Each structure stands twice: as structure tokens, then as C-alpha cells.
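Student: I am attaching a structure below and will ask some questions about it afterwards.
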Amino acid sequence: MVEPFRVLIIDDEAPARAKIRRFLAADGRFAAAGEAADGTEALTLVQRLRPELLLLDIQMPGLTGFEVVEAMEEPRPQVVFATAYDQFALQAFEAHALDYLLKPFDQSRFARALDRAWAQLQAGRPSASRLQAMLAQRPLDRLVVKQDDCWIPLPLRHILRISANGKQVLIHSDQGAFPANWTLQELEARLQRQGFARVHRSEIVALEAVARMEPWDHSDALLILKDGSHVVLSRTYQRPFLERWGGCRS
Amino acid sequence: MAAKPHSTHGWQWPGYRFWPTLLIFGLLMANGLWQGNTAYLSLRGDGSTVVWGKPFLWELTAHFAGFLCGYIPYFATTNAPRPRGRWGRFLLIHVSAGALFAVLVPFLFLGMRCALYPLLGWGRYHYGPLALRLPMEWQKLLLAYAIVCTGLAFLFQFRDHRDKERREAELQVRLREVRLQALSSQLDPHFLFNALNTISSVMYENLDHTDRLLASLGQMLRDGLDGGGAFWPLARELAHLEAFLDFTRARFGERMQATLRAEPGLDTTLVPRFCLQRLVENALKHNLDVRPGAVLGIRIEAERTGDRLRMAVLDNGVGFRGPVVEEGVGLGNLREILVLGYGAEGRLELGNRPGGGGRVVIELPMEASHG
């Protein structure tokens, strides 16, 4: 007999989780491995249980379903999103041919979602790249960071700069520094249109956070941020930075 | 006098209105009598033996002719009240209209006098040498034309200014109403679909509970659809909040506990629609995820302090952190509603409780509903 795929149910509502559990029990190809009521719990359980499929609610207090997936390490499990009302999400799912459940859903619709997930799991997770593409296009207004054992959303306007030290990437905000899950290149690409700029091989700054600029040696310049910290603006990044910084301040 | 002008081929043809027209007729006739009396006394003083009625007839016919031709300066001023940089057009209109007025008025009053003299038994009417008489009439008529046009131009300017101010004031009131309506009355679609989902989930476990939730959803839909204003009595807000709490209890179960305590006697006091619901939603949104396993306690209070109503929502969650308090859409909307509704009299305060947890307080002047 084939081992059933293990499923993690993530929804902030207990009755909704119970309903999914009930529907899931009717399908022998899957087995509920656990339940999470919020993003932090979900991320902890994903690490511990390594489920193959997530049934993931999008709107939850704290982290959204998207942020939960983004904060996960590779390889990510197969995901079926569930949402009650979210125009952006629906467009994104349609655009990337990702399956989703509209709440409230009935058992036959749920069974259809399981069928599709099962087919994809059998074929070896072909949806991962589509999921990645969808997440990369998502407009970003906050980053998920880990504080103690909790994942918390950090609004972009609180971020002053992001620095890399070897493999370690740190997000410096007015609420402290947090290690990031992404590379500096990924963050640069995601944040470029949100008022951030690369200023050094290992630094990204928020344009709004730059208080003034001073000359420094080797035709580099020194940026003094609003919290008093200093960042080197290297010659390579000087021209594009000045164009955007000037535009931001005028 | 001025009624809605309507336009054909670029000209505006102003209409008459009864009472202003009658008033001007009365004023002109009164002036005619006064001028007639002046002329009579002046002639008598010069030793003339003129029949006393004649100077009155001269002046009254002249003023009546002026009244009949009044449409000429009225029309000209409506179409060219001020030069506005187009002096050519302005002068062309007023020189033509003034000339027409100065020709038409004597023509009319001479006709009237010629017709009335024989009827009154005064024989034929003799106007005198035209070379002297007409210039005398023209200098009077052109001056009258200029005075009437100037007066009308000022009147139109005043009227336009007043209309504009009135329209702007109306627009402001309307905008404020629309804004309040948009901010306050809508039932959040997120909430609606989540509620349906909650019901579809609870249904499998407990039919009685499902029934209660449907009743609560019905109440909330009615509250959202009743089309009333942005403010309603506290009693309705509390009933609405109870229905809302039914759903949050069903959704979050043991992860949250809410208690509600309202001082009696405040039922009719007006409060912003959905204000307490927004505050509770806000407390849920910011606290449910942050401390896994903990129970979120929410206390809702309404009480009277002096002549003000004080409503507070307290929780035992993480409180408001950071140097700048984050204000989401819900609280931002509520603040705007308070400003629109109460100006400086309404207050929304976000803060932390001494023992930890958040506290949001609304203070309003007490104002009872009258319906």
C-alpha cells in the first residue's frame, strides 16, 4: 500500500480547519499531518513535519498565506491556497495556473483540488516554479522576519538598510536588526520599485532614510542615515543612486 | 429680474421674472411722477402757465417708454457685462444697444404723447424743434443707459459670486456626506465571505450554533444595508457588536475572550456606526498571531464622563509598539469619521495599558438621537 501524502492544514479558524479535516478524511490518498492557526505556527510545523501539501488560508492575522510560503525554505511543499475574498490573489492564481479554493467551498470542489494536487505530486511538484513566479510578482509592502521564535511582518517603511556579511543578510529597521531569508540580489530586485537602492556590493538603503551625503576617499561617498549609521556609497552605484535620491528628496 | 438665460447662436436671451419687473416698473413710474412734479413747479416758477397735467404726462410717457425698452440694456449687459479683454465686442454691443435705446425711447414716447394729447382734450402735441429736443433726450438717455448697464453688471457679478459660493458650500456638504457614507456603512466583503465560511464549517458540527450564526449574520447584513447615516444609537452599535462577537467566538474559539460592559442609560447616545466593531477587529488583527497559545482577552467599555461618552477597547495583547503607532485602514477611517462628525470634539487615542496590552479610547460629545 502507498503511503498517503501528508497535509498541513493552515487556517486561523478552528471550525474551518475541522471542516477541511473532515473532507480530507474522505480521501485515502492524503492524511492530515497537523494543523496551524497562524503563520508562525505553520512555519514551525512545516520545518518539523515536512508535509508534502499545504492547504493554506491567505488572510490570517499576522502573516498572510503568501508570506508564509515566502518565508519557507526550499524545497517548498505543494500549496493549495484558500481565500474568502482577495482580488489580487485570484488574478495571480489565474495568471500562473495555480489551484485555489474560494471560501466557502463544498466537498466536490475540495475533492477536485485534491485530485489536481495529487496529480502534480505524483508528477514531482511541477507547480513550484509557477508558485515562485507568482510570489516574485506580488507587490511587496512588508518583509517577514524572524524574531525569537516568531515570524513577524515588518512594514517596508520601518526598514533603513539591508546589509550582507558573507552569506548572512541583515535587515536593519527602527525596531532592531533581523536576519533575512533572501540574498541581497533577490531583495534588490524585489525592493527596487519600493524606494530602495543598492549603494554598495553589500548594502541596500531606503532612499527615505538617507539624511545626507559626505565625500570619502577613493571617490566613494559616505551616506549618513537618519539613525546615525554610516554606509559607503561606492562609485559603481553612485550615479543611479544620486538620480533616484535627488528625485526622492525634491 | 434675471431669470435663467437661454442661449441661441452664442447670444443669451435673459427672461423676465414677475416681481422684479413689477418693482422696476413701480420705481420708474414713481421717478416719473417726481420728475413731472419737478418740471411742473420749475415751469410755474419761470412764470409759465402750463396745464399741471402736461409735465406729468411727459415724464410718465418718457419713463414708460424707457421701461418698455429696458430689455435692450438688459440684453446687452447679460451678453457683455464686462470687457474681459474683448473691448471690440464690448464696445460694439453697447454702442449699438445704446444707440438703439436712444432712438427707440423717444420714438415710443412721442407716439404716446401724440395719441394721448387729443384724448385728454389738449389738442395736437408739439414737441418743438428736433435739432434741440433730440440731443437733450439723447444725453439723458445715454446716461441712463450707462447707469442701468453698470448697475446690472454689478448685480450680475454679485449674483454669480453668491451662486458660486452656494454651490461650493452645497458641494462640501455633499462630499462630506458621501465620504462619511463610504467610510462607515459598508460591510467588509472579507468579513462577509469569512462569515459564510464559518457557517459552512460550523454547520457540520452544531446545527443550533449554525442557526444562531445565521441570525447574527442576518442582523449584521441589515445593519450594513439599512442605508442610515454614519451615526447611530449606542444600543444598535452594541447589538451589532454582539453579532460580530458571535462570529469571532466561532472563528477563534478559545483563543480569544471578549467581555462587554456598558453603563446603562446611554442607549440613545449617537456613536459612529461600527466604531466598536472596528476597534475589536483591530485588536484581533494585531494580537492573534503574535503569542502562540495565549488567550487574547478583549474588554469593551462604554461609560459617561461628564457630558462626554467614553468608549474603550482594552486587550492583553502586545500593545502598540514602536516609536510611531501604526494606524491601519480601519482606525484611519474611524479617525476621519470622528473629524468629519465632531471636529475637535471627537477624540481617538491609541495607547498601552500599564500592565501591558493595547488600549484604544474614543471620546465624543453626548448627543442623543431624536428618532
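Chains: A, B, ... in order of the C-alpha cells. Residues: from 1 per chain. Ligands: from 1, in order shown.
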List the spatial neighbours of segment 71-79 of chain A as number ranges by chain - criterion: any atom at most 10 Å away, only C-alpha atoms, same-chain residues fewer than 2 positions off excluded.

Tutor: A: 7-8, 39-40, 42-44, 46-47, 50-56, 63, 65-69, 81-82, 98-100, 117-118, 120-121, 124-128, 131-132, 143-146, 151, 180-182

Student: I need the chosen residues saved as an mmCIF file, in the first residue's frame, with C-alpha atoms.

Tutor:
data_model
loop_
_atom_site.group_PDB
_atom_site.id
_atom_site.type_symbol
_atom_site.label_atom_id
_atom_site.label_comp_id
_atom_site.auth_asym_id
_atom_site.auth_seq_id
_atom_site.Cartn_x
_atom_site.Cartn_y
_atom_site.Cartn_z
ATOM 1 C CA VAL A 7 -1.044 17.503 4.572
ATOM 2 C CA LEU A 8 -0.704 20.542 6.828
ATOM 3 C CA GLY A 39 1.772 31.850 10.158
ATOM 4 C CA THR A 40 4.341 31.315 12.878
ATOM 5 C CA ALA A 42 2.648 26.998 10.225
ATOM 6 C CA LEU A 43 6.321 27.726 9.604
ATOM 7 C CA THR A 44 7.361 25.819 12.720
ATOM 8 C CA VAL A 46 6.489 22.866 8.116
ATOM 9 C CA GLN A 47 10.035 22.593 9.428
ATOM 10 C CA ARG A 50 7.912 18.324 6.313
ATOM 11 C CA PRO A 51 4.418 17.954 4.818
ATOM 12 C CA GLU A 52 4.001 17.383 1.097
ATOM 13 C CA LEU A 53 0.916 19.522 0.706
ATOM 14 C CA LEU A 54 -0.245 22.732 2.388
ATOM 15 C CA LEU A 55 -3.882 23.775 2.479
ATOM 16 C CA LEU A 56 -3.208 27.405 3.209
ATOM 17 C CA LEU A 63 1.429 36.640 8.353
ATOM 18 C CA GLY A 65 -0.539 32.850 3.366
ATOM 19 C CA PHE A 66 1.769 34.386 0.755
ATOM 20 C CA GLU A 67 4.199 35.493 3.411
ATOM 21 C CA VAL A 68 4.165 32.034 4.959
ATOM 22 C CA VAL A 69 5.202 30.483 1.632
ATOM 23 C CA PHE A 81 -4.421 28.404 -1.345
ATOM 24 C CA ALA A 82 -7.813 29.188 0.136
ATOM 25 C CA LEU A 98 -2.252 27.720 -9.613
ATOM 26 C CA ASP A 99 -5.177 25.996 -7.977
ATOM 27 C CA TYR A 100 -7.088 27.745 -5.242
ATOM 28 C CA ALA A 117 -2.691 18.365 -6.176
ATOM 29 C CA TRP A 118 -2.352 14.584 -6.238
ATOM 30 C CA GLN A 120 1.068 17.205 -9.519
ATOM 31 C CA LEU A 121 2.619 15.485 -6.513
ATOM 32 C CA GLY A 124 7.052 15.518 -8.933
ATOM 33 C CA ARG A 125 5.943 19.013 -7.944
ATOM 34 C CA PRO A 126 5.753 20.857 -11.263
ATOM 35 C CA SER A 127 3.949 23.806 -9.663
ATOM 36 C CA ALA A 128 6.942 25.028 -7.616
ATOM 37 C CA LEU A 131 4.484 29.439 -7.331
ATOM 38 C CA GLN A 132 7.873 31.132 -7.299
ATOM 39 C CA LEU A 143 9.013 41.671 4.729
ATOM 40 C CA VAL A 144 8.649 38.711 7.044
ATOM 41 C CA VAL A 145 11.451 38.481 9.585
ATOM 42 C CA LYS A 146 12.143 36.151 12.456
ATOM 43 C CA TRP A 151 7.894 35.388 12.379
ATOM 44 C CA ALA A 180 16.791 37.722 6.307
ATOM 45 C CA ASN A 181 15.931 34.634 4.333
ATOM 46 C CA TRP A 182 16.833 36.155 0.983
#

Student: Extract the full set of helix (DSSP H, G or I) residues from segment 40-162 of chain A according to DSSP on the backbone, and format it as a ChimeraX atom specification.

Tutor: /A:40-49,65-71,87-95,107-122,128-137,156-158

Student: Could you give me, as CSV, a per-residue list for chain B showing, wherever an atom lies at most 8 Å from an atom of chain A, the closest pair of atoms and their distance in Å to one decimal, using only C-alpha atoms and sorting by chain then residue number from low to high?

Tutor:
residue,atom,partner,partner_atom,distance
B:Pro189,CA,A:Tyr85,CA,6.8
B:His190,CA,A:Tyr85,CA,5.4
B:Phe193,CA,A:Ala84,CA,5.2
B:Asn194,CA,A:Ala84,CA,5.7
B:Leu196,CA,A:Pro104,CA,6.2
B:Asn197,CA,A:Pro104,CA,4.4
B:Thr198,CA,A:Ala16,CA,6.3
B:Ser200,CA,A:Pro104,CA,6.5
B:Ser201,CA,A:Pro15,CA,5.2
B:Val202,CA,A:Pro15,CA,5.6
B:Tyr204,CA,A:Lys19,CA,7.3
B:Ala250,CA,A:Pro15,CA,7.3
B:Arg251,CA,A:Glu13,CA,4.6
B:Phe252,CA,A:Glu13,CA,5.5
B:Gly253,CA,A:Ala14,CA,6.8
B:Leu284,CA,A:Pro61,CA,7.4
B:Lys285,CA,A:Pro61,CA,4.9
B:His286,CA,A:Pro61,CA,6.7
B:Asn287,CA,A:Pro61,CA,7.6
B:Leu288,CA,A:Pro61,CA,6.1
B:Asp289,CA,A:Gly62,CA,5.0
B:Val290,CA,A:Gly62,CA,6.9
B:Pro292,CA,A:Glu41,CA,7.3
B:Gly322,CA,A:Gln175,CA,6.7

Student: Quick one: residues within 9 Å of Arg347 of chain B, only C-alpha atoms, excluding same-chain residues fewer than 2 positions away - as an NGL selection string?

Tutor: :B and (335 or 338-339 or 342 or 344-345 or 349 or 361-364)

Student: For Gly319 of chain B, find every residue with an atom within 6 Å (counting only C-alpha atoms), except residues of its own chain fewer than 4 positions away, and show them as a list in words.

Tutor: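 Those residues are Asn352, Gly357 and Gly358 of chain B.
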
Student: Kindly save the residues from that selection, with N, CA and C atoms included, as a tab-separated table (two decimals), in the first residue's frame.

Tutor:
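Dumped everything to part25.tsv:
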chain	number	residue	atom	x	y	z
B	352	ASN	N	-1.03	52.22	25.40
B	352	ASN	CA	-0.80	50.94	26.05
B	352	ASN	C	-1.30	50.99	27.48
B	357	GLY	N	-0.47	45.38	26.98
B	357	GLY	CA	-1.68	45.28	26.17
B	357	GLY	C	-2.06	46.64	25.63
B	358	GLY	N	-2.93	46.62	24.62
B	358	GLY	CA	-3.29	47.87	23.96
B	358	GLY	C	-4.57	48.46	24.53

Student: Extract, using only C-alpha atoms, all DNA, RNA and protein residues at most 12 Å from Glu188 of chain A, discarding same-chain residues fewer than 3 positions from it, and format them as a list in words.

Tutor: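 Close residues of Glu188 of chain A: Arg161, Ile162, Ser163, Ala164, Val169, Trp182, Thr183, Leu184, Gln185, Leu191, Gln192, Arg193, Gln194, Gly195, Phe196, Ala197, Arg198, Val199, His200, Arg201, Ser202, Glu203, Ile204, Val205 and Ala206 of chain A.
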
Student: Which residues in segment 102-345 of chain B does DSSP call strand (DSSP E)? List them as number ranges by chain.

Tutor: B: 231-233, 256-262, 270-272, 296-305, 308-315

Student: Mind dumping the selected residues with C-alpha atoms as a PDB file, in the first residue's frame?

Tutor:
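Output contents, as saved in result16.pdb:
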ATOM      1  CA  PHE B 231     -24.007  57.703  13.199  1.00  0.00           C
ATOM      2  CA  TRP B 232     -26.469  55.598  15.111  1.00  0.00           C
ATOM      3  CA  PRO B 233     -27.521  54.954  18.730  1.00  0.00           C
ATOM      4  CA  MET B 256      -9.980  34.910  22.468  1.00  0.00           C
ATOM      5  CA  GLN B 257     -12.385  36.040  25.124  1.00  0.00           C
ATOM      6  CA  ALA B 258     -14.436  39.199  24.913  1.00  0.00           C
ATOM      7  CA  THR B 259     -16.405  40.960  27.628  1.00  0.00           C
ATOM      8  CA  LEU B 260     -18.740  43.853  27.106  1.00  0.00           C
ATOM      9  CA  ARG B 261     -19.749  46.339  29.771  1.00  0.00           C
ATOM     10  CA  ALA B 262     -21.894  49.391  29.016  1.00  0.00           C
ATOM     11  CA  LEU B 270     -25.195  58.631  18.920  1.00  0.00           C
ATOM     12  CA  VAL B 271     -21.911  56.984  18.012  1.00  0.00           C
ATOM     13  CA  PRO B 272     -20.152  56.345  14.681  1.00  0.00           C
ATOM     14  CA  LEU B 296      -6.444  37.104  23.879  1.00  0.00           C
ATOM     15  CA  GLY B 297      -8.733  38.939  26.291  1.00  0.00           C
ATOM     16  CA  ILE B 298     -10.671  41.908  24.962  1.00  0.00           C
ATOM     17  CA  ARG B 299     -12.717  44.199  27.176  1.00  0.00           C
ATOM     18  CA  ILE B 300     -15.158  46.681  25.693  1.00  0.00           C
ATOM     19  CA  GLU B 301     -16.445  49.527  27.857  1.00  0.00           C
ATOM     20  CA  ALA B 302     -18.853  52.398  27.356  1.00  0.00           C
ATOM     21  CA  GLU B 303     -19.418  54.995  30.036  1.00  0.00           C
ATOM     22  CA  ARG B 304     -20.324  58.565  30.616  1.00  0.00           C
ATOM     23  CA  THR B 305     -17.716  61.051  31.845  1.00  0.00           C
ATOM     24  CA  ARG B 308     -18.997  63.116  27.138  1.00  0.00           C
ATOM     25  CA  LEU B 309     -19.272  59.490  26.114  1.00  0.00           C
ATOM     26  CA  ARG B 310     -16.149  57.426  26.580  1.00  0.00           C
ATOM     27  CA  MET B 311     -15.761  54.069  24.833  1.00  0.00           C
ATOM     28  CA  ALA B 312     -12.692  51.944  25.331  1.00  0.00           C
ATOM     29  CA  VAL B 313     -11.435  48.667  23.918  1.00  0.00           C
ATOM     30  CA  LEU B 314      -8.704  47.096  26.051  1.00  0.00           C
ATOM     31  CA  ASP B 315      -6.730  43.957  25.343  1.00  0.00           C
TER      32      ASP B 315
END

Student: What lies within 8 Å of Ser216 of chain B using only C-alpha atoms, ignoring chain neighbours under 2 positions off, as a CSV table (one decimal) with C-alpha atoms, in the first residue's frame?

Tutor:
chain,number,residue,atom,x,y,z
B,212,ARG,CA,-27.6,31.4,15.8
B,213,LEU,CA,-24.8,32.4,13.5
B,214,LEU,CA,-27.2,32.8,10.6
B,218,GLY,CA,-28.8,38.5,9.2
B,219,GLN,CA,-28.5,41.2,11.8
B,220,MET,CA,-25.1,42.3,10.5
B,243,ALA,CA,-23.5,39.7,16.5
B,244,PHE,CA,-19.9,40.4,15.4
B,246,ASP,CA,-20.7,35.7,17.9
B,247,PHE,CA,-18.6,35.2,14.7

Student: Using only C-alpha atoms for the distances, tell me which of B:Phe320, B:Tyr117, B:Phe274, B:Phe101 is nearest to Ala235 of chain B.

Tutor: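 Between B:Phe320, B:Tyr117, B:Phe274, B:Phe101, the residue approaching Ala235 of chain B most closely is B:Phe274.
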
Student: Which residues, written as JSON, numbers by chain, have at least one atom at most 10 Å from Ser229 of chain A, with only C-alpha atoms counted and residues fewer than 5 positions away on the same chain left out?

Tutor: {"A": [160, 161, 210, 223, 224]}

Student: Between atom CA of Pro55 of chain B and atom CA of His126 of chain B, what is the distance in Å, rounded to a tenth?

Tutor: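 Separation between atom CA of Pro55 of chain B and atom CA of His126 of chain B: 13.1 Å.
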